[in-house]
file query37.cif (mmCIF, C-alpha atoms)
data_entry
loop_
_atom_site.label_atom_id
_atom_site.label_comp_id
_atom_site.auth_asym_id
_atom_site.auth_seq_id
_atom_site.Cartn_x
_atom_site.Cartn_y
_atom_site.Cartn_z
CA MET P 1 -31.12 81.61 -3.57
CA LEU P 2 -32.59 84.61 -5.44
CA ASN P 3 -35.72 86.29 -4.11
CA LYS P 4 -38.71 86.83 -6.32
CA SER P 5 -40.30 90.24 -6.82
CA GLN P 6 -43.95 91.12 -6.35
CA PRO P 7 -45.95 93.14 -8.91
CA VAL P 8 -47.92 96.13 -7.64
CA GLU P 9 -51.06 97.79 -8.93
CA ILE P 10 -52.27 101.39 -9.02
CA ILE P 11 -55.27 101.83 -6.75
CA GLY P 12 -55.83 105.57 -7.02
CA VAL P 13 -54.51 109.13 -7.14
CA ASP P 14 -53.97 111.28 -4.04
CA ALA P 15 -55.74 114.42 -5.28
CA ASP P 16 -55.29 116.21 -1.96
CA THR P 17 -51.48 116.22 -1.92
CA LEU P 18 -49.59 118.58 -4.21
CA GLU P 19 -45.99 119.58 -3.50
CA LYS P 20 -43.61 122.13 -4.95
CA ASP P 21 -40.51 120.36 -6.24
CA GLU P 22 -37.02 121.82 -6.73
CA THR P 23 -35.84 119.32 -9.34
CA PHE P 24 -36.89 121.50 -12.27
CA PRO P 25 -38.06 125.12 -12.59
CA GLU P 26 -41.78 125.44 -11.86
CA ALA P 27 -41.93 121.77 -10.94
CA TYR P 28 -44.62 120.17 -8.83
CA ALA P 29 -45.27 116.64 -7.55
CA PHE P 30 -48.36 114.57 -6.89
CA TYR P 31 -48.83 110.99 -5.69
CA ILE P 32 -50.28 107.80 -7.14
CA GLU P 33 -51.28 105.21 -4.55
CA LEU P 34 -50.10 101.60 -4.98
CA SER P 35 -51.48 98.30 -3.73
CA ASP P 36 -48.26 97.59 -1.82
CA GLU P 37 -44.80 99.00 -1.22
CA PRO P 38 -42.55 97.92 -4.12
CA ASP P 39 -39.49 95.82 -3.32
CA ASN P 40 -35.96 96.66 -4.44
CA ILE P 41 -36.19 94.60 -7.62
CA TRP P 42 -39.35 96.39 -8.72
CA ARG P 43 -37.71 99.73 -7.92
CA SER P 44 -34.62 98.84 -9.95
CA TYR P 45 -36.71 98.27 -13.09
CA LEU P 46 -38.53 101.55 -12.56
CA ALA P 47 -35.23 103.41 -12.10
CA LYS P 48 -34.15 102.44 -15.63
CA TRP P 49 -36.65 104.97 -16.98
CA ASN P 50 -35.47 107.94 -14.94
CA ASN P 51 -32.90 109.14 -17.49
CA ALA P 52 -35.55 109.33 -20.19
CA LEU P 53 -37.95 111.07 -17.82
CA ASN P 54 -35.32 113.60 -16.75
CA ALA P 55 -34.84 114.57 -20.38
CA MET P 56 -38.56 115.43 -20.45
CA GLN P 57 -38.28 117.27 -17.11
CA ARG P 58 -40.25 114.57 -15.39
CA LYS P 59 -39.39 112.20 -12.58
CA ILE P 60 -41.11 109.20 -10.99
CA GLU P 61 -39.88 107.77 -7.70
CA VAL P 62 -41.15 105.35 -5.08
CA VAL P 63 -42.10 106.73 -1.68
CA ARG P 64 -43.18 103.81 0.49
CA ASP P 65 -46.46 102.55 -1.07
CA ARG P 66 -46.86 105.47 -3.47
CA LEU P 67 -45.33 106.82 -6.66
CA ARG P 68 -44.25 110.45 -6.56
CA LEU P 69 -44.65 112.02 -10.01
CA VAL P 70 -42.72 115.23 -10.69
CA PHE P 71 -43.92 117.41 -13.58
CA VAL P 72 -43.56 120.96 -14.82
CA TYR P 73 -46.46 123.39 -14.68
CA GLY P 74 -48.32 123.32 -17.98
CA ASP P 75 -47.82 119.58 -18.62
CA ASN P 76 -50.86 117.50 -19.49
CA ILE P 77 -51.40 115.75 -16.16
CA GLN P 78 -53.95 113.31 -17.61
CA ASN P 79 -51.45 112.07 -20.20
CA TYR P 80 -48.75 111.89 -17.53
CA ASP P 81 -51.05 109.76 -15.36
CA LYS P 82 -51.71 107.42 -18.30
CA TYR P 83 -47.97 107.25 -18.94
CA ALA P 84 -47.35 106.31 -15.29
CA THR P 85 -50.05 103.63 -15.51
CA GLN P 86 -48.39 102.17 -18.60
CA LEU P 87 -44.99 102.36 -16.92
CA VAL P 88 -46.26 100.39 -13.90
CA LYS P 89 -47.66 97.78 -16.27
CA TRP P 90 -44.31 97.56 -18.07
CA VAL P 91 -42.39 97.18 -14.79
CA ASN P 92 -44.79 94.43 -13.68
CA GLU P 93 -44.18 92.56 -16.94
CA ARG P 94 -40.42 92.77 -16.41
CA VAL P 95 -40.89 91.55 -12.84
CA MET P 96 -42.86 88.51 -14.05
CA GLU P 97 -40.09 87.71 -16.55
CA TYR P 98 -37.56 88.05 -13.76
CA ASN P 99 -39.58 85.67 -11.57
CA LYS P 100 -39.66 83.08 -14.36
CA LYS P 101 -35.87 83.23 -14.57
CA VAL P 102 -35.68 82.75 -10.80
CA ASP P 103 -37.95 79.69 -11.10
CA SER P 104 -35.71 78.26 -13.82
CA LEU P 105 -32.58 78.83 -11.75
CA GLU P 106 -34.22 77.20 -8.73
CA LYS P 107 -35.09 74.13 -10.80
CA ILE P 108 -31.51 73.92 -12.06
CA GLU P 109 -30.18 74.28 -8.52
CA LEU P 110 -32.56 71.63 -7.21
CA GLY P 111 -31.45 69.36 -10.03
CA LYS P 112 -27.83 69.90 -9.05
CA GLN P 113 -28.63 69.19 -5.42
CA GLY P 114 -30.52 66.06 -6.39
CA GLY P 115 -27.60 64.94 -8.54
CA SER P 116 -25.22 65.73 -5.70
CA GLN P 117 -27.31 63.68 -3.27
CA THR P 118 -27.37 60.79 -5.73
CA LYS P 119 -23.58 60.97 -6.04
CA GLU P 120 -23.20 61.11 -2.26
CA GLU P 121 -25.43 58.06 -1.86
CA GLU P 122 -23.36 56.21 -4.44
CA ILE P 123 -20.13 57.14 -2.64
CA ARG P 124 -21.56 56.09 0.73
CA HIS P 125 -22.57 52.75 -0.79
CA GLN P 126 -19.03 52.26 -2.08
CA LEU P 127 -17.57 53.19 1.31
CA LYS P 128 -19.80 50.64 3.03
CA GLN P 129 -18.47 48.00 0.67
CA LEU P 130 -14.92 49.03 1.61
CA ALA P 131 -15.64 48.80 5.33
CA PRO P 132 -14.17 45.63 6.85
CA GLU P 133 -16.56 42.97 7.97
CA PRO P 134 -16.96 42.81 11.74
CA LEU P 135 -14.70 40.30 13.42
CA PRO P 136 -16.44 37.10 14.51
CA ALA P 137 -17.09 36.75 18.22
CA ALA P 138 -14.35 35.04 20.17
CA ILE P 139 -14.91 31.35 20.92
CA GLU P 140 -14.91 30.84 24.67
CA VAL P 141 -13.23 27.60 25.63
CA THR P 142 -11.42 26.19 28.66
CA VAL P 143 -7.86 24.92 28.57
CA LYS P 144 -9.12 21.41 29.25
CA GLU P 145 -11.70 21.54 26.44
CA LEU P 146 -9.10 22.79 23.96
CA ALA P 147 -6.54 20.14 24.90
CA SER P 148 -9.12 17.35 24.90
CA ALA P 149 -10.39 18.35 21.44
CA TYR P 150 -6.90 18.03 19.94
CA GLU P 151 -6.19 14.78 21.77
CA THR P 152 -9.45 13.27 20.50
CA ASP P 153 -9.32 14.38 16.83
CA GLU P 154 -6.64 16.83 15.76
CA GLU P 155 -8.12 17.39 12.28
CA THR P 156 -11.61 18.21 13.57
CA ALA P 157 -10.15 20.41 16.31
CA GLY P 158 -8.04 22.23 13.71
CA GLU P 159 -11.14 22.99 11.65
CA ARG P 160 -12.94 24.26 14.73
CA PHE P 161 -10.19 26.31 16.38
CA GLY P 162 -7.44 26.86 13.79
CA ASN P 163 -6.86 30.60 13.07
CA LYS P 164 -9.94 31.44 15.15
CA ILE P 165 -10.14 34.05 17.90
CA LEU P 166 -10.33 32.22 21.23
CA LYS P 167 -11.02 33.43 24.74
CA VAL P 168 -9.41 31.10 27.27
CA THR P 169 -9.49 31.32 31.07
CA GLY P 170 -6.91 29.61 33.26
CA LEU P 171 -4.25 29.87 35.96
CA VAL P 172 -0.95 31.59 35.21
CA GLU P 173 1.79 28.94 35.36
CA ARG P 174 4.67 30.76 33.70
CA ILE P 175 5.54 34.36 32.82
CA GLU P 176 8.28 35.14 30.31
CA VAL P 177 9.10 38.78 29.51
CA LYS P 178 12.46 39.18 27.79
CA ASP P 179 12.82 42.61 26.23
CA THR P 180 16.12 41.96 24.46
CA LEU P 181 14.85 38.78 22.80
CA ASP P 182 11.38 40.19 22.16
CA ILE P 183 9.83 37.23 23.96
CA ASN P 184 6.59 37.93 25.79
CA TYR P 185 4.30 35.11 26.77
CA ILE P 186 2.51 33.42 29.61
CA THR P 187 1.43 29.83 30.03
CA ILE P 188 -1.99 29.15 31.49
CA SER P 189 -3.40 25.84 32.65
CA GLU P 190 -6.47 24.51 34.37
CA GLU P 191 -6.19 23.58 38.03
CA GLY P 192 -2.41 23.42 37.81
CA ASP P 193 -2.36 20.64 35.21
CA LEU P 194 0.90 21.37 33.34
CA LEU P 195 0.20 18.61 30.82
CA GLN P 196 -2.75 20.63 29.55
CA SER P 197 -1.64 24.23 29.09
CA VAL P 198 -1.83 27.00 26.49
CA ARG P 199 1.05 29.32 25.60
CA CYS P 200 -0.24 32.87 25.05
CA MET P 201 2.08 35.08 22.97
CA PHE P 202 1.83 38.87 23.48
CA ASP P 203 3.15 41.76 21.41
CA LYS P 204 5.82 44.02 22.89
CA GLU P 205 3.44 46.78 24.01
CA HIS P 206 1.93 44.43 26.61
CA GLU P 207 5.16 43.93 28.57
CA ASP P 208 4.09 46.13 31.49
CA GLU P 209 0.81 44.25 31.87
CA LEU P 210 2.59 40.89 31.91
CA ASN P 211 5.07 42.08 34.53
CA GLN P 212 2.16 42.81 36.86
CA LEU P 213 0.88 39.23 36.73
CA THR P 214 1.68 36.62 39.37
CA LYS P 215 1.82 32.86 39.15
CA GLY P 216 -1.39 31.16 40.19
CA GLN P 217 -3.46 34.17 39.21
CA THR P 218 -6.63 33.49 37.22
CA VAL P 219 -6.70 35.35 33.91
CA THR P 220 -8.73 35.39 30.73
CA VAL P 221 -6.73 35.74 27.53
CA GLN P 222 -8.00 36.43 24.04
CA GLY P 223 -5.92 35.70 20.95
CA LYS P 224 -5.66 33.95 17.61
CA PHE P 225 -5.08 30.20 17.92
CA SER P 226 -2.13 28.99 15.84
CA GLY P 227 -1.16 25.83 17.70
CA SER P 228 -1.43 22.10 17.26
CA ILE P 229 -1.51 18.96 19.36
CA VAL P 230 2.24 19.43 19.90
CA GLN P 231 1.76 22.86 21.47
CA LEU P 232 -1.46 24.71 22.17
CA ARG P 233 -0.61 28.31 21.35
CA MET P 234 -2.33 31.66 20.75
CA ILE P 235 -0.69 34.73 19.18
CA HIS P 236 -1.37 38.49 19.34
CA CYS P 237 -2.99 38.01 22.71
CA ILE P 238 -4.58 40.54 25.03
CA LEU P 239 -5.58 40.25 28.66
CA VAL P 240 -9.33 40.35 29.10
CA ARG P 241 -9.12 39.64 32.86
#
call {"tool": "encode", "arguments": {"input": "query37.cif", "output": "structure tokens"}}
result
Amino acid sequence: MLNKSQPVEIIGVDADTLEKDETFPEAYAFYIELSDEPDNIWRSYLAKWNNALNAMQRKIEVVRDRLRLVFVYGDNIQNYDKYATQLVKWVNERVMEYNKKVDSLEKIELGKQGGSQTKEEEIRHQLKQLAPEPLPAAIEVTVKELASAYETDEETAGERFGNKILKVTGLVERIEVKDTLDINYITISEEGDLLQSVRCMFDKEHEDELNQLTKGQTVTVQGKFSGSIVQLRMIHCILVR
């Protein structure tokens, strides 16, 4: 972001300070006091006049909060002072024009930022629409409840549990881990009732976990139900413990 410049005003002449200057033969310098020390932008506009002043064997430079005016003996100092006053006025006008340009650029930049923020908000909204909906909570059910539901009304049970994520707790009755055949499942029942059991199918990466199980151990398994009254079965299971 560009910085603005500050105009300065002439507040007086230092009549007590007169210096010999080596820039030109028989050159001297006196000082005009300013309201503030000019910044670099103000100085740059003033410097544009130095070539013209040098041609007239004159020089104006900034020394902190003063202007140092170099002149040759015999010059009309009053006219030179008026010229310096007019020059300060001219520089201040250029500074004000510069500040207006800075204001315009800032407005353009703010407009771009606002447009960028609007675009970002639009993109975020689109990304939220792309985000998958959260998975529904798993339905907690016992082996007995699941089996009884299918025995009572298979159609109603299918609507309630079919393709749903279930969380079932029971006793491990059977463990099958066959790497070569890619068969990995356990059968869980409730209180050792083999007539009411659920087969839980696991993906290959869960082989080590299944090998650590023992028959009769109580486990909680979560998976997608894909069975029927013929066989209660869950796929893509994980051990919840």
call {"tool": "closest_residue", "arguments": {"input": "query37.cif", "among": "P:Arg174, P:Lys224, P:Arg233, P:Lys100", "to": "Asn3 (chain P)", "atoms": "all atoms listed in the file"}}
result
P:Lys100
call {"tool": "resolve_selection", "arguments": {"input": "query37.cif", "expression": "the PyMOL selection byres ((chain P and resi 22) around 12)", "output": "PDB file with C-alpha atoms, keeping the file's coordinate frame"}}
result
ATOM      1  CA  GLU P  19     -45.990 119.580  -3.500  1.00  0.00           C
ATOM      2  CA  LYS P  20     -43.610 122.130  -4.950  1.00  0.00           C
ATOM      3  CA  ASP P  21     -40.510 120.360  -6.240  1.00  0.00           C
ATOM      4  CA  THR P  23     -35.840 119.320  -9.340  1.00  0.00           C
ATOM      5  CA  PHE P  24     -36.890 121.500 -12.270  1.00  0.00           C
ATOM      6  CA  PRO P  25     -38.060 125.120 -12.590  1.00  0.00           C
ATOM      7  CA  GLU P  26     -41.780 125.440 -11.860  1.00  0.00           C
ATOM      8  CA  ALA P  27     -41.930 121.770 -10.940  1.00  0.00           C
ATOM      9  CA  TYR P  28     -44.620 120.170  -8.830  1.00  0.00           C
ATOM     10  CA  ALA P  29     -45.270 116.640  -7.550  1.00  0.00           C
ATOM     11  CA  GLN P  57     -38.280 117.270 -17.110  1.00  0.00           C
ATOM     12  CA  ARG P  58     -40.250 114.570 -15.390  1.00  0.00           C
ATOM     13  CA  LYS P  59     -39.390 112.200 -12.580  1.00  0.00           C
ATOM     14  CA  VAL P  70     -42.720 115.230 -10.690  1.00  0.00           C
ATOM     15  CA  PHE P  71     -43.920 117.410 -13.580  1.00  0.00           C
ATOM     16  CA  VAL P  72     -43.560 120.960 -14.820  1.00  0.00           C
TER      17      VAL P  72
END
call {"tool": "resolve_selection", "arguments": {"input": "query37.cif", "expression": "the PyMOL selection byres ((chain P and resi 204) around 8)", "output": "list in words"}}
result
Asp179, Asp182, Ile183, Asn184, Phe202, Asp203, Glu205, His206 and Glu207 of chain P
call {"tool": "resolve_selection", "arguments": {"input": "query37.cif", "expression": "the PyMOL selection byres ((chain P and resi 216) around 8)", "output": "ChimeraX atom specification"}}
result
/P:171-173,214-215,217-218
call {"tool": "closest_residue", "arguments": {"input": "query37.cif", "among": "P:Asn79, P:Gln126, P:Ser44, P:Ser35", "to": "Arg66 (chain P)", "atoms": "all atoms listed in the file"}}
result
P:Ser35
call {"tool": "residues_around", "arguments": {"input": "query37.cif", "residues": "Val95 (chain P)", "least_positions_apart": "3", "cutoff": "9 Å", "atoms": "all atoms listed in the file", "output": "ChimeraX atom specification"}}
result
/P:4-7,41-42,45,90-92,98-100
call {"tool": "write_last_selection", "arguments": {"input": "query37.cif", "atoms": "C-alpha atoms", "output": "tab-separated table (two decimals), in the coordinates of the input"}}
result
chain	number	residue	atom	x	y	z
P	4	LYS	CA	-38.71	86.83	-6.32
P	5	SER	CA	-40.30	90.24	-6.82
P	6	GLN	CA	-43.95	91.12	-6.35
P	7	PRO	CA	-45.95	93.14	-8.91
P	41	ILE	CA	-36.19	94.60	-7.62
P	42	TRP	CA	-39.35	96.39	-8.72
P	45	TYR	CA	-36.71	98.27	-13.09
P	90	TRP	CA	-44.31	97.56	-18.07
P	91	VAL	CA	-42.39	97.18	-14.79
P	92	ASN	CA	-44.79	94.43	-13.68
P	98	TYR	CA	-37.56	88.05	-13.76
P	99	ASN	CA	-39.58	85.67	-11.57
P	100	LYS	CA	-39.66	83.08	-14.36
call {"tool": "decode", "arguments": {"input": "query37.cif", "residues": "region 44-177 of chain P", "atoms": "C-alpha atoms", "output": "PDB file, in the first residue's frame"}}
result
ATOM      1  CA  SER P  44      11.195  14.243  -4.646  1.00  0.00           C
ATOM      2  CA  TYR P  45       8.840  16.852  -6.112  1.00  0.00           C
ATOM      3  CA  LEU P  46      11.075  19.667  -4.908  1.00  0.00           C
ATOM      4  CA  ALA P  47      14.142  17.986  -6.428  1.00  0.00           C
ATOM      5  CA  LYS P  48      12.593  18.216  -9.911  1.00  0.00           C
ATOM      6  CA  TRP P  49      13.299  21.956  -9.865  1.00  0.00           C
ATOM      7  CA  ASN P  50      16.982  21.736  -8.992  1.00  0.00           C
ATOM      8  CA  ASN P  51      18.206  21.553 -12.599  1.00  0.00           C
ATOM      9  CA  ALA P  52      16.406  24.779 -13.455  1.00  0.00           C
ATOM     10  CA  LEU P  53      17.702  26.426 -10.285  1.00  0.00           C
ATOM     11  CA  ASN P  54      21.280  25.333 -10.978  1.00  0.00           C
ATOM     12  CA  ALA P  55      21.105  27.046 -14.343  1.00  0.00           C
ATOM     13  CA  MET P  56      20.312  30.267 -12.463  1.00  0.00           C
ATOM     14  CA  GLN P  57      23.096  29.574  -9.931  1.00  0.00           C
ATOM     15  CA  ARG P  58      20.559  28.883  -7.244  1.00  0.00           C
ATOM     16  CA  LYS P  59      19.811  25.811  -5.184  1.00  0.00           C
ATOM     17  CA  ILE P  60      17.070  24.843  -2.723  1.00  0.00           C
ATOM     18  CA  GLU P  61      17.437  21.769  -0.527  1.00  0.00           C
ATOM     19  CA  VAL P  62      15.717  20.329   2.529  1.00  0.00           C
ATOM     20  CA  VAL P  63      17.633  20.266   5.797  1.00  0.00           C
ATOM     21  CA  ARG P  64      15.415  18.624   8.403  1.00  0.00           C
ATOM     22  CA  ASP P  65      12.499  21.063   8.945  1.00  0.00           C
ATOM     23  CA  ARG P  66      14.042  23.911   6.953  1.00  0.00           C
ATOM     24  CA  LEU P  67      14.762  24.855   3.354  1.00  0.00           C
ATOM     25  CA  ARG P  68      18.331  25.894   2.605  1.00  0.00           C
ATOM     26  CA  LEU P  69      18.379  28.487  -0.179  1.00  0.00           C
ATOM     27  CA  VAL P  70      21.670  29.023  -2.011  1.00  0.00           C
ATOM     28  CA  PHE P  71      22.093  32.281  -3.933  1.00  0.00           C
ATOM     29  CA  VAL P  72      24.867  34.387  -5.410  1.00  0.00           C
ATOM     30  CA  TYR P  73      25.809  37.721  -3.897  1.00  0.00           C
ATOM     31  CA  GLY P  74      23.916  40.482  -5.661  1.00  0.00           C
ATOM     32  CA  ASP P  75      20.716  38.462  -6.212  1.00  0.00           C
ATOM     33  CA  ASN P  76      17.425  40.011  -5.168  1.00  0.00           C
ATOM     34  CA  ILE P  77      16.809  38.068  -1.955  1.00  0.00           C
ATOM     35  CA  GLN P  78      13.214  39.318  -1.632  1.00  0.00           C
ATOM     36  CA  ASN P  79      12.317  37.951  -5.068  1.00  0.00           C
ATOM     37  CA  TYR P  80      14.136  34.711  -4.269  1.00  0.00           C
ATOM     38  CA  ASP P  81      12.102  34.366  -1.073  1.00  0.00           C
ATOM     39  CA  LYS P  82       8.871  34.923  -3.021  1.00  0.00           C
ATOM     40  CA  TYR P  83      10.024  32.344  -5.560  1.00  0.00           C
ATOM     41  CA  ALA P  84      10.674  29.819  -2.766  1.00  0.00           C
ATOM     42  CA  THR P  85       7.220  30.523  -1.312  1.00  0.00           C
ATOM     43  CA  GLN P  86       5.627  29.882  -4.705  1.00  0.00           C
ATOM     44  CA  LEU P  87       7.715  26.741  -5.135  1.00  0.00           C
ATOM     45  CA  VAL P  88       6.521  25.352  -1.786  1.00  0.00           C
ATOM     46  CA  LYS P  89       2.943  26.066  -2.839  1.00  0.00           C
ATOM     47  CA  TRP P  90       3.523  24.259  -6.146  1.00  0.00           C
ATOM     48  CA  VAL P  91       5.047  21.224  -4.403  1.00  0.00           C
ATOM     49  CA  ASN P  92       2.098  21.095  -1.985  1.00  0.00           C
ATOM     50  CA  GLU P  93      -0.321  21.094  -4.923  1.00  0.00           C
ATOM     51  CA  ARG P  94       1.545  18.188  -6.521  1.00  0.00           C
ATOM     52  CA  VAL P  95       1.490  16.360  -3.189  1.00  0.00           C
ATOM     53  CA  MET P  96      -2.295  16.773  -2.942  1.00  0.00           C
ATOM     54  CA  GLU P  97      -2.680  15.396  -6.479  1.00  0.00           C
ATOM     55  CA  TYR P  98      -0.455  12.488  -5.520  1.00  0.00           C
ATOM     56  CA  ASN P  99      -2.583  11.808  -2.426  1.00  0.00           C
ATOM     57  CA  LYS P 100      -5.742  11.740  -4.552  1.00  0.00           C
ATOM     58  CA  LYS P 101      -4.150   9.108  -6.777  1.00  0.00           C
ATOM     59  CA  VAL P 102      -3.246   7.085  -3.688  1.00  0.00           C
ATOM     60  CA  ASP P 103      -6.869   7.310  -2.505  1.00  0.00           C
ATOM     61  CA  SER P 104      -8.088   6.097  -5.899  1.00  0.00           C
ATOM     62  CA  LEU P 105      -5.652   3.183  -5.893  1.00  0.00           C
ATOM     63  CA  GLU P 106      -6.707   2.246  -2.363  1.00  0.00           C
ATOM     64  CA  LYS P 107     -10.366   2.195  -3.419  1.00  0.00           C
ATOM     65  CA  ILE P 108      -9.511  -0.007  -6.393  1.00  0.00           C
ATOM     66  CA  GLU P 109      -7.497  -2.341  -4.166  1.00  0.00           C
ATOM     67  CA  LEU P 110     -10.295  -2.519  -1.597  1.00  0.00           C
ATOM     68  CA  GLY P 111     -12.711  -3.290  -4.413  1.00  0.00           C
ATOM     69  CA  LYS P 112     -10.466  -6.112  -5.579  1.00  0.00           C
ATOM     70  CA  GLN P 113     -10.205  -7.457  -2.044  1.00  0.00           C
ATOM     71  CA  GLY P 114     -13.961  -7.253  -1.632  1.00  0.00           C
ATOM     72  CA  GLY P 115     -14.435  -9.060  -4.930  1.00  0.00           C
ATOM     73  CA  SER P 116     -11.868 -11.640  -3.888  1.00  0.00           C
ATOM     74  CA  GLN P 117     -13.662 -12.203  -0.583  1.00  0.00           C
ATOM     75  CA  THR P 118     -16.963 -12.593  -2.423  1.00  0.00           C
ATOM     76  CA  LYS P 119     -15.381 -15.165  -4.730  1.00  0.00           C
ATOM     77  CA  GLU P 120     -13.865 -17.003  -1.775  1.00  0.00           C
ATOM     78  CA  GLU P 121     -17.237 -17.107  -0.026  1.00  0.00           C
ATOM     79  CA  GLU P 122     -18.826 -18.477  -3.190  1.00  0.00           C
ATOM     80  CA  ILE P 123     -16.138 -21.167  -3.482  1.00  0.00           C
ATOM     81  CA  ARG P 124     -16.508 -22.106   0.192  1.00  0.00           C
ATOM     82  CA  HIS P 125     -20.262 -22.433  -0.310  1.00  0.00           C
ATOM     83  CA  GLN P 126     -19.673 -24.743  -3.270  1.00  0.00           C
ATOM     84  CA  LEU P 127     -17.177 -26.806  -1.268  1.00  0.00           C
ATOM     85  CA  LYS P 128     -19.687 -27.214   1.544  1.00  0.00           C
ATOM     86  CA  GLN P 129     -22.174 -28.546  -0.974  1.00  0.00           C
ATOM     87  CA  LEU P 130     -19.561 -31.042  -2.170  1.00  0.00           C
ATOM     88  CA  ALA P 131     -18.823 -32.238   1.357  1.00  0.00           C
ATOM     89  CA  PRO P 132     -20.429 -35.620   2.057  1.00  0.00           C
ATOM     90  CA  GLU P 133     -23.297 -35.707   4.470  1.00  0.00           C
ATOM     91  CA  PRO P 134     -22.358 -37.130   7.858  1.00  0.00           C
ATOM     92  CA  LEU P 135     -23.036 -40.822   8.226  1.00  0.00           C
ATOM     93  CA  PRO P 136     -26.108 -41.662  10.293  1.00  0.00           C
ATOM     94  CA  ALA P 137     -25.454 -42.961  13.779  1.00  0.00           C
ATOM     95  CA  ALA P 138     -25.168 -46.718  14.058  1.00  0.00           C
ATOM     96  CA  ILE P 139     -28.290 -48.536  15.238  1.00  0.00           C
ATOM     97  CA  GLU P 140     -27.495 -50.419  18.423  1.00  0.00           C
ATOM     98  CA  VAL P 141     -29.267 -53.756  18.541  1.00  0.00           C
ATOM     99  CA  THR P 142     -28.740 -57.129  20.202  1.00  0.00           C
ATOM    100  CA  VAL P 143     -28.416 -60.378  18.299  1.00  0.00           C
ATOM    101  CA  LYS P 144     -31.700 -61.556  19.786  1.00  0.00           C
ATOM    102  CA  GLU P 145     -33.561 -58.362  18.810  1.00  0.00           C
ATOM    103  CA  LEU P 146     -32.259 -58.564  15.244  1.00  0.00           C
ATOM    104  CA  ALA P 147     -33.169 -62.231  14.836  1.00  0.00           C
ATOM    105  CA  SER P 148     -36.600 -61.767  16.408  1.00  0.00           C
ATOM    106  CA  ALA P 149     -37.390 -58.818  14.127  1.00  0.00           C
ATOM    107  CA  TYR P 150     -36.751 -60.910  11.001  1.00  0.00           C
ATOM    108  CA  GLU P 151     -38.636 -63.904  12.384  1.00  0.00           C
ATOM    109  CA  THR P 152     -41.661 -61.730  13.176  1.00  0.00           C
ATOM    110  CA  ASP P 153     -41.863 -59.662   9.952  1.00  0.00           C
ATOM    111  CA  GLU P 154     -39.041 -59.917   7.434  1.00  0.00           C
ATOM    112  CA  GLU P 155     -40.303 -57.023   5.277  1.00  0.00           C
ATOM    113  CA  THR P 156     -40.596 -54.584   8.180  1.00  0.00           C
ATOM    114  CA  ALA P 157     -37.226 -55.710   9.543  1.00  0.00           C
ATOM    115  CA  GLY P 158     -35.672 -55.200   6.109  1.00  0.00           C
ATOM    116  CA  GLU P 159     -36.952 -51.628   5.989  1.00  0.00           C
ATOM    117  CA  ARG P 160     -35.588 -50.974   9.468  1.00  0.00           C
ATOM    118  CA  PHE P 161     -32.183 -52.664   9.233  1.00  0.00           C
ATOM    119  CA  GLY P 162     -31.451 -53.292   5.536  1.00  0.00           C
ATOM    120  CA  ASN P 163     -28.264 -51.479   4.363  1.00  0.00           C
ATOM    121  CA  LYS P 164     -28.107 -49.661   7.712  1.00  0.00           C
ATOM    122  CA  ILE P 165     -25.059 -49.361   9.950  1.00  0.00           C
ATOM    123  CA  LEU P 166     -25.601 -51.603  12.970  1.00  0.00           C
ATOM    124  CA  LYS P 167     -23.693 -51.991  16.208  1.00  0.00           C
ATOM    125  CA  VAL P 168     -24.193 -55.475  17.621  1.00  0.00           C
ATOM    126  CA  THR P 169     -22.794 -56.948  20.837  1.00  0.00           C
ATOM    127  CA  GLY P 170     -22.493 -60.683  21.402  1.00  0.00           C
ATOM    128  CA  LEU P 171     -20.310 -63.684  22.217  1.00  0.00           C
ATOM    129  CA  VAL P 172     -17.752 -64.912  19.692  1.00  0.00           C
ATOM    130  CA  GLU P 173     -18.856 -68.371  18.526  1.00  0.00           C
ATOM    131  CA  ARG P 174     -16.678 -68.842  15.452  1.00  0.00           C
ATOM    132  CA  ILE P 175     -13.542 -67.242  14.001  1.00  0.00           C
ATOM    133  CA  GLU P 176     -12.600 -67.771  10.360  1.00  0.00           C
ATOM    134  CA  VAL P 177      -9.426 -66.156   9.002  1.00  0.00           C
TER     135      VAL P 177
END
